[in-house]
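> Here it is: the structure, laid out below.
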Amino acid sequence: MLKKLFCGIFGSGNTGNSVKTLRKPHRNAPIEEWRNFVNQAGWRQVAQIRSKFIPCAFGEEGKRDKQICDAMWERLFRIEQPVLDYDFLRSNADKIIFVGQHASNDCIKHDVRFSYAGEVKFVVEKGGKLRGFALAEDLILAGVTCCGAYPDGALKWTAEQGFHLLSREDSRRVEEVLPELTAMMEAVDVPSLRDIFMWMLAVPDGQIGDPYECYSLRREDRFSYVEFDDPVIVVCKL
């Protein structure tokens, strides 16, 4: 069964991962060229460019630079789902729960609930695409954003992507397995929770406006909060 699965993955052209290093456009290249670049390049390359990009503040050049910055931010706020290579899948088969290719979040939750046996696992489509990390039978971490957003934007984005913010109980489980989870995230080269000490929690039904509750690893009671103009990292689940 396992051999048949790997043959299928290998036969689908999955012989390498999906991380790309591309030639950076010239500063004055058309904005569409920049958008195509940031959508195709690996997140590390985009993050490095963004960290050194100093936008012009005025005039038409300033407007254009803002468009470039916005494109990079949108790329870095995406949950990474690389296609894992054959060698990784084969050598880590005991740490993976395989799900159907292009499976819906509900189907993935069903498969994980059926297969989970207590250990943190990668959740991977049969085509090799990473879909998340199973931390419990009812908790599949999708990932963490590489950059922050204001709370209203974070709520809007998670809803649009079909993800959910973590509850306090979810966050306690994340903390329990944090060293192992961080190592697994780094093994597949997605943004990890290393050096992330606070994230926004799911908003109770009916809440409108700030303050927004956060889970803080730096506080003994694990409680913190942000207001509407405080950037926050998003950790989300399926």
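Ordering of the structure tokens sets the chain letters (A, B, ...), residue numbers begin anew at 1 in every chain, and ligands are numbered from 1 in the order given.
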Just the residues within 10 Å of region 91-98 of chain A, please, counting only C-alpha atoms, with nothing from its chain fewer than 2 positions along; format it as an NGL selection string.
:A and (2 or 5-6 or 86-89 or 100-101 or 108 or 111-112 or 115-116 or 119-134 or 184)
> Would you save the residues from that selection as a short mmCIF file (atom, residue, chain, number, x, y, z; two decimals), in the first residue's frame, using N, CA and C atoms?

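Here's the written file part.cif:
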```cif
data_model
loop_
_atom_site.label_atom_id
_atom_site.label_comp_id
_atom_site.auth_asym_id
_atom_site.auth_seq_id
_atom_site.Cartn_x
_atom_site.Cartn_y
_atom_site.Cartn_z
N LEU A 2 1.86 1.26 0.93
CA LEU A 2 2.74 2.43 1.03
C LEU A 2 3.58 2.58 -0.23
N LEU A 5 1.53 4.06 -2.92
CA LEU A 5 1.32 5.49 -2.69
C LEU A 5 2.53 6.29 -3.15
N PHE A 6 3.73 5.85 -2.75
CA PHE A 6 4.94 6.57 -3.13
C PHE A 6 5.18 6.53 -4.63
N TYR A 86 10.10 13.63 -2.87
CA TYR A 86 9.93 12.18 -2.70
C TYR A 86 10.79 11.64 -1.57
N ASP A 87 12.04 12.07 -1.51
CA ASP A 87 12.94 11.56 -0.48
C ASP A 87 12.44 11.92 0.92
N PHE A 88 11.93 13.14 1.08
CA PHE A 88 11.40 13.54 2.39
C PHE A 88 10.19 12.68 2.75
N LEU A 89 9.27 12.50 1.82
CA LEU A 89 8.07 11.72 2.09
C LEU A 89 8.42 10.28 2.45
N GLY A 100 -6.41 12.94 0.78
CA GLY A 100 -6.67 12.99 -0.65
C GLY A 100 -6.15 14.26 -1.30
N GLN A 101 -5.77 14.13 -2.57
CA GLN A 101 -5.30 15.30 -3.32
C GLN A 101 -6.44 16.30 -3.50
N ILE A 108 -10.20 16.57 5.27
CA ILE A 108 -8.93 16.41 5.98
C ILE A 108 -9.18 16.19 7.47
N ASP A 111 -10.27 12.62 8.02
CA ASP A 111 -9.18 11.65 7.89
C ASP A 111 -8.25 11.70 9.09
N VAL A 112 -7.96 12.92 9.56
CA VAL A 112 -7.06 13.06 10.71
C VAL A 112 -7.73 12.50 11.96
N SER A 115 -7.26 8.84 11.86
CA SER A 115 -5.90 8.30 11.83
C SER A 115 -5.03 8.73 13.00
N TYR A 116 -5.39 9.82 13.68
CA TYR A 116 -4.50 10.38 14.71
C TYR A 116 -4.34 9.41 15.88
N GLU A 119 0.53 11.44 18.43
CA GLU A 119 1.79 12.10 18.10
C GLU A 119 1.57 13.19 17.05
N VAL A 120 2.41 14.22 17.10
CA VAL A 120 2.33 15.29 16.10
C VAL A 120 2.72 14.71 14.73
N LYS A 121 1.91 15.01 13.72
CA LYS A 121 2.14 14.46 12.38
C LYS A 121 2.04 15.56 11.33
N PHE A 122 2.78 15.38 10.24
CA PHE A 122 2.56 16.19 9.05
C PHE A 122 1.25 15.72 8.41
N VAL A 123 0.51 16.65 7.82
CA VAL A 123 -0.68 16.30 7.04
C VAL A 123 -0.36 16.66 5.59
N VAL A 124 -0.34 15.66 4.73
CA VAL A 124 0.16 15.83 3.37
C VAL A 124 -0.79 15.19 2.37
N GLU A 125 -1.09 15.91 1.30
CA GLU A 125 -1.88 15.32 0.22
C GLU A 125 -1.09 14.21 -0.46
N LYS A 126 -1.79 13.29 -1.11
CA LYS A 126 -1.13 12.19 -1.80
C LYS A 126 -0.26 12.67 -2.94
N GLY A 127 -0.47 13.90 -3.40
CA GLY A 127 0.39 14.49 -4.41
C GLY A 127 1.62 15.15 -3.83
N GLY A 128 1.76 15.15 -2.50
CA GLY A 128 2.95 15.71 -1.85
C GLY A 128 2.78 17.08 -1.25
N LYS A 129 1.62 17.71 -1.44
CA LYS A 129 1.42 19.07 -0.95
C LYS A 129 1.14 19.07 0.55
N LEU A 130 1.90 19.87 1.29
CA LEU A 130 1.69 20.01 2.72
C LEU A 130 0.39 20.75 3.00
N ARG A 131 -0.44 20.21 3.90
CA ARG A 131 -1.67 20.88 4.28
C ARG A 131 -1.68 21.33 5.74
N GLY A 132 -0.73 20.85 6.53
CA GLY A 132 -0.67 21.31 7.91
C GLY A 132 -0.01 20.32 8.82
N PHE A 133 -0.32 20.46 10.12
CA PHE A 133 0.31 19.65 11.16
C PHE A 133 -0.78 19.20 12.13
N ALA A 134 -0.94 17.90 12.29
CA ALA A 134 -1.95 17.37 13.20
C ALA A 134 -1.39 17.38 14.61
N MET A 184 9.56 20.50 13.09
CA MET A 184 8.87 19.95 11.92
C MET A 184 8.58 21.04 10.89
#
```
> Within 6 Å of Asp230 (chain A), counting only C-alpha atoms, which residues show up once you throw out same-chain ones fewer than 3 positions away? Write them as a PyMOL selection string, please.
chain A and resi 150+226-227
> Filtering to N, CA, C and O atoms, could you give me those residues as a compact mmCIF listing (two decimals), in the first residue's frame?

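Below is the file again.txt, written as the result:
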```txt
# COMPACT_ATOMS: atom_id res chain seq x y z
N TYR A 150 -3.02 44.02 11.03
CA TYR A 150 -3.91 44.57 12.04
C TYR A 150 -5.03 43.55 12.31
O TYR A 150 -5.40 42.78 11.41
N VAL A 226 -4.29 42.92 22.06
CA VAL A 226 -3.88 43.96 21.12
C VAL A 226 -5.09 44.82 20.81
O VAL A 226 -6.25 44.40 20.97
N GLU A 227 -4.81 46.04 20.37
CA GLU A 227 -5.86 46.96 19.94
C GLU A 227 -5.88 47.03 18.42
O GLU A 227 -5.07 46.37 17.74
```
> Please, which residues of region 149-216 of chain A, numbered as in this document, come out strand (DSSP E) from DSSP, as a ChimeraX atom specification?
/A:164-165,198-200,212-216
> Calculate how many Å separate CA of Phe197 (chain A) from CA of Glu175 (chain A), rounding to one decimal.
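Rounded to one decimal, the two atoms are 10.1 Å apart.
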> Need to verify the contact set: Trp43 (chain A), 7 Å, only C-alpha atoms, exclusion of same-chain residues closer than 3 positions in sequence. Can you return it as a list in words?
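In the requested form, the answer reads Val46, Ala47 and Leu76 of chain A.
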> So that I have them on file, write out the residues from the current selection with N, CA and C atoms, as a tab-separated table (two decimals), in the first residue's frame.

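So the final result, stored in again27.tsv, reads:
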```tsv
chain	number	residue	atom	x	y	z
A	46	VAL	N	11.44	36.49	-0.81
A	46	VAL	CA	10.60	37.68	-0.74
A	46	VAL	C	10.80	38.41	0.59
A	47	ALA	N	10.91	37.66	1.67
A	47	ALA	CA	11.12	38.27	2.99
A	47	ALA	C	12.44	39.02	3.05
A	76	LEU	N	3.74	37.33	1.75
A	76	LEU	CA	4.27	36.84	3.03
A	76	LEU	C	3.18	36.55	4.04
```
> What's around Leu165 (chain A) at 12 Å? Count only C-alpha atoms, leave out sequence neighbours fewer than 6 positions away in its own chain, and write the answer as number ranges by chain.
A: 139-145, 151, 154-159, 171, 199-204, 212-215, 232-238
> Could you please take those selected residues and save N, CA and C atoms as a JSON list (two decimals), in the first residue's frame?

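Writing done, so here's result-v4.json:
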```json
[["chain", "number", "residue", "atom", "x", "y", "z"],
["A", 139, "LEU", "N", -7.40, 19.02, 16.00],
["A", 139, "LEU", "CA", -6.63, 20.26, 15.83],
["A", 139, "LEU", "C", -5.56, 20.07, 14.77],
["A", 140, "ILE", "N", -5.75, 20.72, 13.62],
["A", 140, "ILE", "CA", -4.79, 20.68, 12.53],
["A", 140, "ILE", "C", -4.30, 22.10, 12.30],
["A", 141, "LEU", "N", -3.05, 22.34, 12.65],
["A", 141, "LEU", "CA", -2.47, 23.67, 12.46],
["A", 141, "LEU", "C", -2.16, 23.87, 10.99],
["A", 142, "ALA", "N", -2.69, 24.92, 10.39],
["A", 142, "ALA", "CA", -2.41, 25.21, 8.98],
["A", 142, "ALA", "C", -1.03, 25.84, 8.84],
["A", 143, "GLY", "N", -0.69, 26.75, 9.76],
["A", 143, "GLY", "CA", 0.62, 27.39, 9.70],
["A", 143, "GLY", "C", 0.59, 28.74, 10.37],
["A", 144, "VAL", "N", 1.66, 29.49, 10.13],
["A", 144, "VAL", "CA", 1.82, 30.82, 10.72],
["A", 144, "VAL", "C", 2.24, 31.79, 9.61],
["A", 145, "THR", "N", 1.74, 33.00, 9.68],
["A", 145, "THR", "CA", 2.12, 33.99, 8.68],
["A", 145, "THR", "C", 3.53, 34.50, 8.94],
["A", 151, "PRO", "N", -5.58, 43.53, 13.52],
["A", 151, "PRO", "CA", -6.57, 42.51, 13.88],
["A", 151, "PRO", "C", -7.74, 42.38, 12.91],
["A", 154, "ALA", "N", -6.58, 40.56, 9.95],
["A", 154, "ALA", "CA", -6.32, 39.16, 10.26],
["A", 154, "ALA", "C", -7.62, 38.35, 10.29],
["A", 155, "LEU", "N", -8.66, 38.92, 10.88],
["A", 155, "LEU", "CA", -9.95, 38.24, 10.94],
["A", 155, "LEU", "C", -10.54, 38.06, 9.55],
["A", 156, "LYS", "N", -10.46, 39.10, 8.74],
["A", 156, "LYS", "CA", -11.01, 39.04, 7.38],
["A", 156, "LYS", "C", -10.26, 38.01, 6.54],
["A", 157, "TRP", "N", -8.93, 38.01, 6.66],
["A", 157, "TRP", "CA", -8.11, 37.11, 5.85],
["A", 157, "TRP", "C", -8.36, 35.65, 6.23],
["A", 158, "THR", "N", -8.38, 35.33, 7.52],
["A", 158, "THR", "CA", -8.58, 33.94, 7.93],
["A", 158, "THR", "C", -9.93, 33.43, 7.45],
["A", 159, "ALA", "N", -10.95, 34.27, 7.51],
["A", 159, "ALA", "CA", -12.27, 33.85, 7.04],
["A", 159, "ALA", "C", -12.25, 33.60, 5.54],
["A", 171, "SER", "N", -4.20, 26.77, 21.80],
["A", 171, "SER", "CA", -2.89, 27.39, 22.04],
["A", 171, "SER", "C", -2.11, 26.65, 23.12],
["A", 199, "TRP", "N", 0.24, 35.37, 19.80],
["A", 199, "TRP", "CA", -0.63, 35.35, 18.63],
["A", 199, "TRP", "C", -2.07, 35.63, 19.06],
["A", 200, "MET", "N", -2.84, 36.12, 18.12],
["A", 200, "MET", "CA", -4.21, 36.51, 18.38],
["A", 200, "MET", "C", -5.11, 35.28, 18.48],
["A", 201, "LEU", "N", -6.07, 35.30, 19.41],
["A", 201, "LEU", "CA", -7.00, 34.20, 19.58],
["A", 201, "LEU", "C", -8.32, 34.48, 18.85],
["A", 202, "ALA", "N", -9.09, 33.41, 18.67],
["A", 202, "ALA", "CA", -10.39, 33.55, 18.03],
["A", 202, "ALA", "C", -11.26, 34.53, 18.82],
["A", 203, "VAL", "N", -12.03, 35.31, 18.10],
["A", 203, "VAL", "CA", -12.88, 36.33, 18.71],
["A", 203, "VAL", "C", -14.22, 35.70, 19.12],
["A", 204, "PRO", "N", -14.65, 35.93, 20.34],
["A", 204, "PRO", "CA", -15.95, 35.38, 20.77],
["A", 204, "PRO", "C", -17.09, 35.91, 19.90],
["A", 212, "TYR", "N", -8.48, 42.81, 21.48],
["A", 212, "TYR", "CA", -8.52, 41.44, 21.02],
["A", 212, "TYR", "C", -7.59, 40.60, 21.88],
["A", 213, "GLU", "N", -8.10, 39.50, 22.40],
["A", 213, "GLU", "CA", -7.31, 38.67, 23.30],
["A", 213, "GLU", "C", -6.22, 37.92, 22.53],
["A", 214, "CYS", "N", -5.06, 37.79, 23.17],
["A", 214, "CYS", "CA", -3.93, 37.07, 22.59],
["A", 214, "CYS", "C", -3.39, 36.05, 23.58],
["A", 215, "TYR", "N", -2.70, 35.06, 23.06],
["A", 215, "TYR", "CA", -1.99, 34.07, 23.87],
["A", 215, "TYR", "C", -0.53, 34.47, 23.88],
["A", 232, "VAL", "N", -0.31, 42.00, 14.42],
["A", 232, "VAL", "CA", -0.29, 40.71, 15.12],
["A", 232, "VAL", "C", 0.00, 39.60, 14.13],
["A", 233, "ILE", "N", 0.82, 38.63, 14.59],
["A", 233, "ILE", "CA", 1.08, 37.44, 13.80],
["A", 233, "ILE", "C", -0.14, 36.53, 13.85],
["A", 234, "VAL", "N", -0.42, 35.87, 12.75],
["A", 234, "VAL", "CA", -1.58, 34.98, 12.68],
["A", 234, "VAL", "C", -1.11, 33.53, 12.67],
["A", 235, "VAL", "N", -1.57, 32.79, 13.67],
["A", 235, "VAL", "CA", -1.40, 31.34, 13.71],
["A", 235, "VAL", "C", -2.80, 30.77, 13.50],
["A", 236, "CYS", "N", -2.96, 29.92, 12.49],
["A", 236, "CYS", "CA", -4.32, 29.48, 12.15],
["A", 236, "CYS", "C", -4.41, 27.97, 11.98],
["A", 237, "LYS", "N", -5.63, 27.50, 12.07],
["A", 237, "LYS", "CA", -5.92, 26.07, 11.95],
["A", 237, "LYS", "C", -6.97, 25.83, 10.87],
["A", 238, "LEU", "N", -7.07, 24.57, 10.45],
["A", 238, "LEU", "CA", -8.11, 24.20, 9.50],
["A", 238, "LEU", "C", -9.46, 24.21, 10.21]]
```
> At a cut-off of 12 Å, using only C-alpha atoms, what residues contact Lys66 (chain A)? Leave out same-chain residues fewer than 6 positions from it and give the result as an MDAnalysis selection string.
chainID A and resid 31 34 50 53:60 72:73
> Store the residues picked out above in a file with C-alpha atoms, as a tab-separated table (two decimals), in the first residue's frame.

```
chain	number	residue	atom	x	y	z
A	31	ILE	CA	4.33	46.47	-11.29
A	34	TRP	CA	6.89	42.53	-9.53
A	50	ARG	CA	11.16	43.16	1.75
A	53	PHE	CA	13.27	47.55	0.44
A	54	ILE	CA	13.05	51.24	1.36
A	55	PRO	CA	10.03	52.76	-0.41
A	56	CYS	CA	9.98	56.28	-1.71
A	57	ALA	CA	7.52	58.39	0.28
A	58	PHE	CA	6.32	60.86	-2.35
A	59	GLY	CA	4.85	61.24	-5.84
A	60	GLU	CA	4.23	58.61	-8.46
A	72	MET	CA	5.21	41.49	-0.95
A	73	TRP	CA	3.06	41.75	2.17
```
> Tell me which protein, DNA and RNA residues are within 10 Å of Gln45 (chain A), counting only C-alpha atoms, leaving out same-chain ones fewer than 2 positions away, and put them as a list in words.
Val19, Lys20, Thr21, Leu22, Arg23, Lys24, Val38, Ala41, Gly42, Trp43, Ala47, Gln48, Ile49 and Arg50 of chain A
> Store the residues of this selection in a file with N, CA, C and O atoms, as a PDB file, in the first residue's frame.

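Saved to again32.pdb:
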```pdb
ATOM      1  N   VAL A  19       9.874  25.305  -3.584  1.00  0.00           N
ATOM      2  CA  VAL A  19      10.542  26.557  -3.254  1.00  0.00           C
ATOM      3  C   VAL A  19      11.379  27.014  -4.441  1.00  0.00           C
ATOM      4  O   VAL A  19      12.168  26.244  -4.977  1.00  0.00           O
ATOM      5  N   LYS A  20      11.209  28.259  -4.842  1.00  0.00           N
ATOM      6  CA  LYS A  20      11.914  28.771  -6.004  1.00  0.00           C
ATOM      7  C   LYS A  20      12.732  30.002  -5.642  1.00  0.00           C
ATOM      8  O   LYS A  20      12.317  30.818  -4.830  1.00  0.00           O
ATOM      9  N   THR A  21      13.920  30.094  -6.235  1.00  0.00           N
ATOM     10  CA  THR A  21      14.713  31.307  -6.140  1.00  0.00           C
ATOM     11  C   THR A  21      14.762  31.908  -7.546  1.00  0.00           C
ATOM     12  O   THR A  21      15.268  31.282  -8.472  1.00  0.00           O
ATOM     13  N   LEU A  22      14.213  33.077  -7.700  1.00  0.00           N
ATOM     14  CA  LEU A  22      14.084  33.708  -9.005  1.00  0.00           C
ATOM     15  C   LEU A  22      14.893  34.989  -9.077  1.00  0.00           C
ATOM     16  O   LEU A  22      15.287  35.554  -8.058  1.00  0.00           O
ATOM     17  N   ARG A  23      15.106  35.450 -10.275  1.00  0.00           N
ATOM     18  CA  ARG A  23      15.810  36.709 -10.472  1.00  0.00           C
ATOM     19  C   ARG A  23      14.898  37.872 -10.083  1.00  0.00           C
ATOM     20  O   ARG A  23      13.772  37.987 -10.579  1.00  0.00           O
ATOM     21  N   LYS A  24      15.385  38.704  -9.199  1.00  0.00           N
ATOM     22  CA  LYS A  24      14.588  39.839  -8.729  1.00  0.00           C
ATOM     23  C   LYS A  24      14.421  40.870  -9.839  1.00  0.00           C
ATOM     24  O   LYS A  24      15.383  41.200 -10.530  1.00  0.00           O
ATOM     25  N   VAL A  38       6.765  38.043  -6.980  1.00  0.00           N
ATOM     26  CA  VAL A  38       6.513  37.715  -5.574  1.00  0.00           C
ATOM     27  C   VAL A  38       5.547  36.538  -5.438  1.00  0.00           C
ATOM     28  O   VAL A  38       5.589  35.809  -4.429  1.00  0.00           O
ATOM     29  N   ALA A  41       8.093  33.387  -6.347  1.00  0.00           N
ATOM     30  CA  ALA A  41       9.330  33.194  -5.594  1.00  0.00           C
ATOM     31  C   ALA A  41       9.051  32.561  -4.237  1.00  0.00           C
ATOM     32  O   ALA A  41       7.938  32.611  -3.717  1.00  0.00           O
ATOM     33  N   GLY A  42      10.083  31.958  -3.651  1.00  0.00           N
ATOM     34  CA  GLY A  42       9.969  31.401  -2.324  1.00  0.00           C
ATOM     35  C   GLY A  42       9.813  32.493  -1.270  1.00  0.00           C
ATOM     36  O   GLY A  42      10.272  33.623  -1.447  1.00  0.00           O
ATOM     37  N   TRP A  43       9.169  32.142  -0.176  1.00  0.00           N
ATOM     38  CA  TRP A  43       8.872  33.149   0.851  1.00  0.00           C
ATOM     39  C   TRP A  43      10.137  33.734   1.470  1.00  0.00           C
ATOM     40  O   TRP A  43      10.174  34.912   1.817  1.00  0.00           O
ATOM     41  N   ALA A  47      10.914  37.658   1.669  1.00  0.00           N
ATOM     42  CA  ALA A  47      11.118  38.269   2.986  1.00  0.00           C
ATOM     43  C   ALA A  47      12.441  39.022   3.045  1.00  0.00           C
ATOM     44  O   ALA A  47      12.533  40.108   3.634  1.00  0.00           O
ATOM     45  N   GLN A  48      13.470  38.458   2.427  1.00  0.00           N
ATOM     46  CA  GLN A  48      14.771  39.117   2.418  1.00  0.00           C
ATOM     47  C   GLN A  48      14.721  40.423   1.630  1.00  0.00           C
ATOM     48  O   GLN A  48      15.253  41.453   2.065  1.00  0.00           O
ATOM     49  N   ILE A  49      14.061  40.401   0.487  1.00  0.00           N
ATOM     50  CA  ILE A  49      13.937  41.612  -0.328  1.00  0.00           C
ATOM     51  C   ILE A  49      13.116  42.660   0.414  1.00  0.00           C
ATOM     52  O   ILE A  49      13.472  43.844   0.447  1.00  0.00           O
ATOM     53  N   ARG A  50      12.021  42.230   1.028  1.00  0.00           N
ATOM     54  CA  ARG A  50      11.156  43.165   1.754  1.00  0.00           C
ATOM     55  C   ARG A  50      11.900  43.844   2.896  1.00  0.00           C
ATOM     56  O   ARG A  50      11.701  45.036   3.160  1.00  0.00           O
TER      57      ARG A  50
END
```
> Just asking: which residues within region 25-138 of chain A are alpha helix (DSSP H) according to DSSP, as number ranges by chain?
A: 31-40, 43-52, 59-76, 86-91, 105-115
